[in-house]
Structure formats: structure tokens, C-alpha cells
file final_15.cif (mmCIF, C-alpha atoms)
data_input
#
loop_
_atom_site.label_atom_id
_atom_site.label_comp_id
_atom_site.auth_asym_id
_atom_site.auth_seq_id
_atom_site.Cartn_x
_atom_site.Cartn_y
_atom_site.Cartn_z
CA GLU M 1 107.08 44.15 39.88
CA LEU M 2 105.02 43.60 36.75
CA THR M 3 106.99 45.71 34.26
CA GLY M 4 107.21 43.94 30.91
CA LEU M 5 104.92 41.05 31.86
CA ASP M 6 101.99 42.41 29.86
CA LYS M 7 103.38 41.25 26.51
CA PRO M 8 104.37 37.64 27.34
CA LEU M 9 101.15 37.14 29.33
CA LYS M 10 99.09 38.96 26.68
CA MET M 11 97.24 40.79 29.45
CA SER M 12 97.04 44.38 30.63
CA TYR M 13 98.56 45.22 34.00
CA LEU M 14 95.06 45.61 35.42
CA GLU M 15 94.11 42.16 34.13
CA ILE M 16 97.26 40.71 35.76
CA ALA M 17 96.29 42.30 39.11
CA GLN M 18 92.74 40.96 38.80
CA ARG M 19 94.09 37.49 38.01
CA ILE M 20 96.34 37.54 41.07
CA LYS M 21 93.36 38.34 43.30
CA LYS M 22 91.23 35.69 41.62
CA GLU M 23 93.80 32.88 41.83
CA VAL M 24 94.71 33.60 45.46
CA MET M 25 91.03 33.42 46.37
CA GLU M 26 90.44 30.23 44.38
CA GLU M 27 93.54 28.41 45.65
CA LEU M 28 93.77 29.69 49.25
CA ALA M 29 90.30 31.11 49.97
CA VAL M 30 92.01 34.32 51.08
CA SER M 31 91.02 37.79 49.91
CA VAL M 32 93.86 40.18 49.15
CA THR M 33 94.04 43.90 48.54
CA VAL M 34 96.02 45.01 45.50
CA GLY M 35 97.44 48.40 44.60
CA LEU M 36 98.59 49.01 41.02
CA ALA M 37 100.74 52.03 40.19
CA PRO M 38 103.83 53.14 38.24
CA THR M 39 106.03 53.12 41.38
CA LYS M 40 106.32 50.99 44.51
CA VAL M 41 105.42 53.77 46.97
CA LEU M 42 102.37 54.81 44.92
CA ALA M 43 101.34 51.14 44.77
CA LYS M 44 101.55 51.06 48.59
CA VAL M 45 99.21 54.07 48.68
CA ALA M 46 96.82 52.32 46.30
CA SER M 47 96.86 49.14 48.40
CA LYS M 48 95.69 51.12 51.44
CA TRP M 49 92.92 52.93 49.61
CA VAL M 50 90.24 50.22 49.75
CA LYS M 51 90.43 47.47 52.37
CA PRO M 52 89.63 44.64 52.59
CA ASN M 53 89.62 42.88 49.22
CA GLY M 54 90.30 46.07 47.26
CA LEU M 55 91.86 46.79 43.88
CA THR M 56 92.91 50.39 43.30
CA VAL M 57 94.78 51.76 40.30
CA ILE M 58 96.84 54.95 40.50
CA THR M 59 98.35 56.49 37.37
CA ARG M 60 100.80 59.38 37.10
CA ASP M 61 97.89 61.58 36.06
CA THR M 62 95.60 60.58 38.95
CA ALA M 63 98.32 60.41 41.65
CA PRO M 64 97.89 64.07 42.80
CA ASP M 65 94.19 63.45 43.51
CA PHE M 66 95.01 60.41 45.66
CA LEU M 67 97.83 62.16 47.54
CA LEU M 68 95.90 65.37 48.21
CA LYS M 69 94.32 64.11 51.45
CA PHE M 70 96.38 60.98 52.10
CA PRO M 71 97.91 61.29 55.63
CA ILE M 72 101.69 61.60 55.63
CA GLU M 73 101.92 59.01 58.46
CA LYS M 74 100.47 56.35 56.15
CA ILE M 75 103.22 56.70 53.54
CA TRP M 76 105.42 53.62 53.35
CA GLY M 77 108.99 54.35 54.46
CA ILE M 78 108.23 57.36 56.67
CA GLY M 79 108.62 56.62 60.36
CA PRO M 80 106.98 58.31 63.37
CA SER M 81 109.89 60.68 64.18
CA THR M 82 110.03 61.90 60.58
CA VAL M 83 106.25 62.30 60.52
CA GLU M 84 106.58 64.57 63.55
CA ALA M 85 109.36 66.57 61.87
CA LEU M 86 107.32 66.92 58.68
CA LYS M 87 104.22 68.08 60.52
CA LYS M 88 106.26 70.74 62.33
CA ARG M 89 107.12 72.03 58.86
CA GLY M 90 103.49 72.10 57.78
CA VAL M 91 103.44 68.81 55.89
CA GLU M 92 100.25 66.97 56.86
CA THR M 93 99.53 64.96 53.70
CA ALA M 94 101.41 63.17 50.95
CA GLY M 95 100.21 65.94 48.67
CA ASP M 96 101.92 68.54 50.87
CA PHE M 97 105.13 66.50 50.70
CA VAL M 98 105.24 66.12 46.90
CA ASP M 99 104.47 69.83 46.49
CA LYS M 100 107.73 70.66 48.24
CA PRO M 101 110.77 71.22 46.00
CA LEU M 102 113.31 68.38 45.96
CA THR M 103 115.93 70.83 47.23
CA TRP M 104 113.78 71.36 50.36
CA VAL M 105 113.57 67.60 50.93
CA ASN M 106 117.35 67.19 50.59
CA GLU M 107 118.06 70.13 52.89
CA ASN M 108 115.84 68.80 55.69
CA PHE M 109 115.95 65.00 55.43
CA SER M 110 118.14 62.04 54.48
CA ILE M 111 118.57 60.58 50.99
CA ASN M 112 115.85 58.02 51.74
CA TYR M 113 113.23 60.77 51.62
CA GLU M 114 114.43 61.94 48.22
CA VAL M 115 113.65 58.39 47.08
CA ILE M 116 110.15 58.54 48.58
CA TRP M 117 109.53 62.01 47.10
CA LYS M 118 110.51 60.80 43.63
CA GLU M 119 108.39 57.66 43.93
CA LEU M 120 105.34 59.69 44.99
CA ASN M 121 105.96 61.93 41.99
CA GLY M 122 105.78 58.92 39.68
CA ILE M 123 109.53 58.47 39.21
CA SER M 124 110.41 54.82 39.82
CA VAL M 125 113.65 54.49 41.78
CA ILE M 126 112.89 51.63 44.20
CA HIS M 127 113.36 48.21 42.69
CA PRO M 128 112.09 44.90 44.14
CA SER M 129 115.51 44.25 45.68
CA THR M 130 118.52 46.36 46.58
CA THR M 131 122.11 46.25 47.82
CA ASP M 132 121.90 49.84 49.13
CA THR M 133 122.96 49.74 52.80
CA THR M 134 121.68 53.27 53.42
CA PHE M 135 118.19 52.34 52.28
CA LEU M 136 118.18 49.03 54.18
CA LEU M 137 119.27 50.76 57.40
CA ALA M 138 116.61 53.42 56.87
CA GLN M 139 113.96 50.72 56.63
CA LEU M 140 115.28 49.00 59.77
CA SER M 141 115.15 52.38 61.50
CA LYS M 142 111.52 52.84 60.49
CA HIS M 143 110.58 49.35 61.77
CA THR M 144 112.44 50.02 65.02
CA GLU M 145 110.67 53.34 65.64
CA GLU M 146 107.27 51.77 64.99
CA ALA M 147 107.92 48.74 67.22
CA CYS M 148 109.32 50.81 70.09
CA LYS M 149 106.42 53.25 69.86
CA LYS M 150 103.98 50.38 70.25
CA ALA M 151 105.97 48.99 73.18
CA ARG M 152 105.82 52.37 74.93
CA GLN M 153 102.07 52.56 74.36
CA TYR M 154 101.69 49.33 76.35
CA GLY M 155 104.31 50.26 78.95
CA LEU M 156 106.63 47.44 77.90
CA VAL M 157 110.40 47.15 77.65
CA MET M 158 112.42 44.49 75.82
CA LYS M 159 115.27 42.35 77.08
CA LYS M 160 116.34 41.35 73.58
CA PHE M 161 115.46 41.93 69.95
CA SER M 162 116.16 40.49 66.51
CA PHE M 163 116.55 42.13 63.12
CA LEU M 164 116.70 40.49 59.71
CA LEU M 165 117.34 40.98 56.03
CA ARG M 166 115.43 38.86 53.50
CA ALA M 167 117.30 38.27 50.25
CA LYS M 168 115.93 38.26 46.71
CA ASP M 169 115.84 34.44 46.79
CA LEU M 170 113.66 34.66 49.97
CA LYS M 171 116.41 33.34 52.25
CA TYR M 172 116.95 35.51 55.30
CA THR M 173 119.66 36.20 57.86
CA VAL M 174 118.86 37.12 61.46
CA CYS M 175 120.85 38.72 64.25
CA THR M 176 119.60 38.54 67.84
CA VAL M 177 120.87 41.02 70.43
CA LEU M 178 120.68 40.57 74.22
CA LEU M 179 120.41 43.87 76.08
CA SER M 180 122.20 44.54 79.34
CA VAL M 181 119.40 46.90 80.40
CA PRO M 182 115.76 46.45 79.27
CA THR M 183 114.59 49.33 77.07
CA ASN M 184 111.98 50.62 74.64
CA ALA M 185 114.18 53.41 73.26
CA PRO M 186 114.66 53.21 69.48
CA GLU M 187 118.05 54.96 69.58
CA THR M 188 119.46 52.17 71.75
CA VAL M 189 118.18 49.49 69.38
CA LEU M 190 119.44 51.35 66.31
CA ALA M 191 122.91 51.69 67.78
CA HIS M 192 123.11 47.90 68.11
CA ILE M 193 121.68 47.38 64.60
CA LYS M 194 124.32 49.64 63.06
CA GLU M 195 127.05 47.90 65.05
CA LYS M 196 125.98 44.40 64.01
CA PHE M 197 124.60 45.14 60.53
CA GLY M 198 127.59 43.41 58.93
CA GLU M 199 126.49 40.12 60.52
CA VAL M 200 123.37 39.98 58.33
CA TYR M 201 124.47 41.96 55.26
CA THR M 202 126.60 40.42 52.50
CA ARG M 203 128.09 42.66 49.83
CA GLY M 204 126.65 41.94 46.39
CA VAL M 205 123.51 40.21 47.70
CA PHE M 206 120.20 41.83 46.73
CA TYR M 207 117.72 42.22 49.60
CA ARG M 208 113.97 42.68 49.28
CA ALA M 209 112.73 43.02 52.88
CA THR M 210 113.80 43.97 56.40
CA GLY M 211 112.33 43.30 59.81
CA VAL M 212 112.70 44.02 63.54
CA THR M 213 111.19 41.92 66.36
CA LEU M 214 111.14 42.90 70.02
CA GLN M 215 111.50 39.94 72.37
CA ASN M 216 111.27 39.06 76.07
CA LEU M 217 108.92 41.96 76.71
CA THR M 218 108.14 42.89 80.31
CA VAL M 219 106.32 45.70 82.03
CA GLY M 220 108.65 48.67 82.43
CA VAL M 221 109.34 50.39 85.69
#
call {"tool": "encode", "arguments": {"input": "final_15.cif", "output": "C-alpha cells"}}
result
Amino acid sequence: ELTGLDKPLKMSYLEIAQRIKKEVMEELAVSVTVGLAPTKVLAKVASKWVKPNGLTVITRDTAPDFLLKFPIEKIWGIGPSTVEALKKRGVETAGDFVDKPLTWVNENFSINYEVIWKELNGISVIHPSTTDTTFLLAQLSKHTEEACKKARQYGLVMKKFSFLLRAKDLKYTVCTVLLSVPTNAPETVLAHIKEKFGEVYTRGVFYRATGVTLQNLTVGV
């Protein structure tokens, strides 16, 4: 989040992004790809545009051109099951999605997708950290679907898994769940996450990241 840093640093936002890339390379000898945009989700699109070692800038005016052919499955925050549901409704690209009326989004999907729709339309609603349990659970759901899909691709099932929330101060809390029956079904994992979410979430704490890790993987029957 760079908003307001241009004045104290006496640099444009593009110059700040260029400096980040330069200093990471000089200090760590690691190239990074940077996306610069008016919203977080558009910045995620920009960061995927040129890899590796890219720097792409998306403005509100140029966003439609970037989204026109950008695959819907590459949009941050949209999981595999929602991608499938969107494609059944004729939405193949991010451009198709933003062209839909907001009423259509709300009628067919959860509040999380209203957030993504607004962000893709250049309306900033996602901040670097949040206390919103609905959004945090939606992100955990996305991670779960992606991890379980990969496990199924390799014919693996898990005997346990962990999920975490990382707070604004970078401290994180983890909950590990042992499963009575090995599985790779996301609905089973999500049921446990919802049940035990209170063990990692503290009211009033701002969280900036979520994660899900599958553990004790074995070949499924």
C-alpha cells in the first residue's frame, strides 16, 4: 500500500516501485516482479503480466484493455469452483466479469465477489489488513480448493492439515487438525476450518494473510 507515500518520499508511485525492485536486487540479489495499480486486485493482475522481473502499471483508464483477455482463473481471490460456475455463465475473462452488472454478481455469488468486481473496476475496497471474518474465510476457502485440487491431481489424500491467519504485525496463529479419515475433499476441510476458526481469529485484530497446508499426504485408495 503506497497511498500517500509519494509526497514524503518526493517520488512518483512508479519511481517508488522501481526503487523497491532496485533495492531488493542490490541487497538480496533477487529479482522481483511488481504490479502497480489503483487497487489491490488490479495490482495482482499487473504483477502477473510480465514475469520474471517485470514492472507493469495499470491505471483506471487502461484497466479494461488489460482485463479484456485476462483469464478469469488467474484473478486473485477466485477459486476453482467459482471459476467453473462463472464459465458456465459465459464468463471466461476478467473483462467478461467486470462487464456484468453488480446486481448480477450479487444475485449469483457471495459478497466476496462484489469486492473483487469493485476492485477490478478500479474501486479500492480491500485494504492491506482486515478484521472481516467473511473475507478471511473466503480466502481460506480459496486456498483450500486450490490445495485439494492439486492433491487430487497427484492422487494424494491428507491425514491432517493446518490453517493460519497472519496479523498486521506479521505474527501468525496456526490451527492443526487431525482427520479421522484421510481425504482430499475441500468441503471436509472447510467444515473443520469453520468449526475451529475461533482458535486463530481474535476480534479486533487486523489480519493481512491466510494460508492452508496439507500434511501427512499419502497415496489415496
call {"tool": "resolve_selection", "arguments": {"input": "final_15.cif", "expression": "the PyMOL selection byres ((chain M and resi 17) around 10)", "output": "ChimeraX atom specification"}}
result
/M:2,11-16,18-22,33-36,55-57
call {"tool": "write_last_selection", "arguments": {"input": "final_15.cif", "atoms": "C-alpha atoms", "output": "short mmCIF file (atom, residue, chain, number, x, y, z; two decimals), in the frame of the given file"}}
result
data_model
loop_
_atom_site.label_atom_id
_atom_site.label_comp_id
_atom_site.auth_asym_id
_atom_site.auth_seq_id
_atom_site.Cartn_x
_atom_site.Cartn_y
_atom_site.Cartn_z
CA LEU M 2 105.02 43.60 36.75
CA MET M 11 97.24 40.79 29.45
CA SER M 12 97.04 44.38 30.63
CA TYR M 13 98.56 45.22 34.00
CA LEU M 14 95.06 45.61 35.42
CA GLU M 15 94.11 42.16 34.13
CA ILE M 16 97.26 40.71 35.76
CA GLN M 18 92.74 40.96 38.80
CA ARG M 19 94.09 37.49 38.01
CA ILE M 20 96.34 37.54 41.07
CA LYS M 21 93.36 38.34 43.30
CA LYS M 22 91.23 35.69 41.62
CA THR M 33 94.04 43.90 48.54
CA VAL M 34 96.02 45.01 45.50
CA GLY M 35 97.44 48.40 44.60
CA LEU M 36 98.59 49.01 41.02
CA LEU M 55 91.86 46.79 43.88
CA THR M 56 92.91 50.39 43.30
CA VAL M 57 94.78 51.76 40.30
#
call {"tool": "residues_around", "arguments": {"input": "final_15.cif", "residues": "stretch 124-138 of chain M", "least_positions_apart": "4", "cutoff": "6 Å", "atoms": "only C-alpha atoms", "output": "PyMOL selection string"}}
result
chain M and resi 39+119+206-208
call {"tool": "resolve_selection", "arguments": {"input": "final_15.cif", "expression": "the PyMOL selection byres ((chain M and resi 81-95) around 9)", "output": "list in words"}}
result
Pro64, Asp65, Phe66, Leu67, Leu68, Lys69, Phe70, Pro71, Ile72, Glu73, Lys74, Ile75, Ile78, Gly79, Pro80, Asp96, Phe97, Val98, Asp99, Lys100, Phe109, Leu120, Lys142 and Glu145 of chain M
call {"tool": "closest_residue", "arguments": {"input": "final_15.cif", "among": "M:Thr176, M:Thr144, M:Thr3, M:Ser110", "to": "M:Thr210", "atoms": "all atoms listed in the file"}}
result
M:Thr144
call {"tool": "resolve_selection", "arguments": {"input": "final_15.cif", "expression": "the PyMOL selection byres ((chain M and resi 160) around 12)", "output": "PDB file with C-alpha atoms, in the frame of the given file"}}
result
ATOM      1  CA  VAL M 157     110.400  47.150  77.650  1.00  0.00           C
ATOM      2  CA  MET M 158     112.420  44.490  75.820  1.00  0.00           C
ATOM      3  CA  LYS M 159     115.270  42.350  77.080  1.00  0.00           C
ATOM      4  CA  PHE M 161     115.460  41.930  69.950  1.00  0.00           C
ATOM      5  CA  SER M 162     116.160  40.490  66.510  1.00  0.00           C
ATOM      6  CA  PHE M 163     116.550  42.130  63.120  1.00  0.00           C
ATOM      7  CA  CYS M 175     120.850  38.720  64.250  1.00  0.00           C
ATOM      8  CA  THR M 176     119.600  38.540  67.840  1.00  0.00           C
ATOM      9  CA  VAL M 177     120.870  41.020  70.430  1.00  0.00           C
ATOM     10  CA  LEU M 178     120.680  40.570  74.220  1.00  0.00           C
ATOM     11  CA  LEU M 179     120.410  43.870  76.080  1.00  0.00           C
ATOM     12  CA  SER M 180     122.200  44.540  79.340  1.00  0.00           C
ATOM     13  CA  VAL M 181     119.400  46.900  80.400  1.00  0.00           C
ATOM     14  CA  PRO M 182     115.760  46.450  79.270  1.00  0.00           C
ATOM     15  CA  THR M 183     114.590  49.330  77.070  1.00  0.00           C
ATOM     16  CA  ASN M 184     111.980  50.620  74.640  1.00  0.00           C
ATOM     17  CA  THR M 188     119.460  52.170  71.750  1.00  0.00           C
ATOM     18  CA  VAL M 189     118.180  49.490  69.380  1.00  0.00           C
ATOM     19  CA  HIS M 192     123.110  47.900  68.110  1.00  0.00           C
ATOM     20  CA  VAL M 212     112.700  44.020  63.540  1.00  0.00           C
ATOM     21  CA  THR M 213     111.190  41.920  66.360  1.00  0.00           C
ATOM     22  CA  LEU M 214     111.140  42.900  70.020  1.00  0.00           C
ATOM     23  CA  GLN M 215     111.500  39.940  72.370  1.00  0.00           C
ATOM     24  CA  ASN M 216     111.270  39.060  76.070  1.00  0.00           C
ATOM     25  CA  LEU M 217     108.920  41.960  76.710  1.00  0.00           C
ATOM     26  CA  THR M 218     108.140  42.890  80.310  1.00  0.00           C
TER      27      THR M 218
END
call {"tool": "atom_distance", "arguments": {"input": "final_15.cif", "atom1": "atom CA of M:Ser47", "atom2": "atom CA of M:Val30"}}
result
15.8 Å
call {"tool": "closest_residue", "arguments": {"input": "final_15.cif", "among": "M:Val45, M:Ala209, M:Ala63, M:Ala185", "to": "M:Arg166", "atoms": "only C-alpha atoms"}}
result
M:Ala209
call {"tool": "build_atoms", "arguments": {"input": "final_15.cif", "residues": "stretch 23-34 of chain M", "atoms": "all heavy atoms", "output": "compact mmCIF listing (two decimals), in the coordinates of the input"}}
result
# COMPACT_ATOMS: atom_id res chain seq x y z
N GLU M 23 93.14 34.17 41.60
CA GLU M 23 93.80 32.88 41.83
C GLU M 23 94.12 32.66 43.30
O GLU M 23 94.05 31.54 43.79
CB GLU M 23 95.05 32.77 40.96
CG GLU M 23 94.71 32.68 39.48
CD GLU M 23 95.90 32.25 38.63
OE1 GLU M 23 97.00 32.04 39.20
OE2 GLU M 23 95.72 32.12 37.40
N VAL M 24 94.47 33.74 44.02
CA VAL M 24 94.71 33.60 45.46
C VAL M 24 93.42 33.17 46.16
O VAL M 24 93.42 32.29 47.03
CB VAL M 24 95.25 34.90 46.07
CG1 VAL M 24 95.29 34.81 47.60
CG2 VAL M 24 96.65 35.20 45.55
N MET M 25 92.31 33.77 45.77
CA MET M 25 91.03 33.42 46.37
C MET M 25 90.65 31.98 46.05
O MET M 25 90.21 31.21 46.92
CB MET M 25 89.94 34.38 45.89
CG MET M 25 88.53 34.02 46.37
SD MET M 25 88.38 33.93 48.18
CE MET M 25 88.42 35.68 48.60
N GLU M 26 90.83 31.57 44.79
CA GLU M 26 90.44 30.23 44.38
C GLU M 26 91.31 29.15 45.02
O GLU M 26 90.83 28.09 45.41
CB GLU M 26 90.53 30.11 42.85
CG GLU M 26 89.44 30.89 42.13
CD GLU M 26 89.57 30.83 40.61
OE1 GLU M 26 90.63 30.36 40.13
OE2 GLU M 26 88.64 31.25 39.91
N GLU M 27 92.62 29.43 45.16
CA GLU M 27 93.54 28.41 45.65
C GLU M 27 93.67 28.41 47.17
O GLU M 27 93.90 27.36 47.78
CB GLU M 27 94.92 28.57 45.01
CG GLU M 27 94.89 28.34 43.50
CD GLU M 27 96.28 28.39 42.89
OE1 GLU M 27 97.26 28.20 43.65
OE2 GLU M 27 96.39 28.61 41.68
N LEU M 28 93.54 29.59 47.80
CA LEU M 28 93.77 29.69 49.25
C LEU M 28 92.55 30.15 50.03
O LEU M 28 92.59 30.17 51.26
CB LEU M 28 94.94 30.65 49.52
CG LEU M 28 96.28 30.29 48.88
CD1 LEU M 28 97.30 31.39 49.17
CD2 LEU M 28 96.79 28.96 49.38
N ALA M 29 91.50 30.57 49.32
CA ALA M 29 90.30 31.11 49.97
C ALA M 29 90.65 32.31 50.85
O ALA M 29 90.12 32.47 51.95
CB ALA M 29 89.59 30.03 50.78
N VAL M 30 91.57 33.13 50.36
CA VAL M 30 92.01 34.32 51.08
C VAL M 30 91.82 35.53 50.17
O VAL M 30 92.27 35.53 49.02
CB VAL M 30 93.49 34.22 51.50
CG1 VAL M 30 93.97 35.53 52.11
CG2 VAL M 30 93.69 33.07 52.48
N SER M 31 91.16 36.56 50.68
CA SER M 31 91.02 37.79 49.91
C SER M 31 92.26 38.65 50.11
O SER M 31 92.82 38.68 51.21
CB SER M 31 89.77 38.56 50.32
OG SER M 31 89.90 39.03 51.64
N VAL M 32 92.70 39.31 49.05
CA VAL M 32 93.86 40.18 49.15
C VAL M 32 93.52 41.54 48.56
O VAL M 32 92.65 41.67 47.71
CB VAL M 32 95.08 39.60 48.41
CG1 VAL M 32 95.58 38.34 49.08
CG2 VAL M 32 94.76 39.33 46.94
N THR M 33 94.19 42.55 49.06
CA THR M 33 94.04 43.90 48.54
C THR M 33 95.23 44.22 47.67
O THR M 33 96.38 44.01 48.06
CB THR M 33 93.94 44.92 49.69
OG1 THR M 33 92.76 44.64 50.44
CG2 THR M 33 93.86 46.33 49.16
N VAL M 34 94.97 44.75 46.48
CA VAL M 34 96.02 45.01 45.50
C VAL M 34 96.05 46.49 45.14
O VAL M 34 95.01 47.12 44.94
CB VAL M 34 95.80 44.18 44.22
CG1 VAL M 34 96.82 44.55 43.15
CG2 VAL M 34 95.89 42.69 44.53
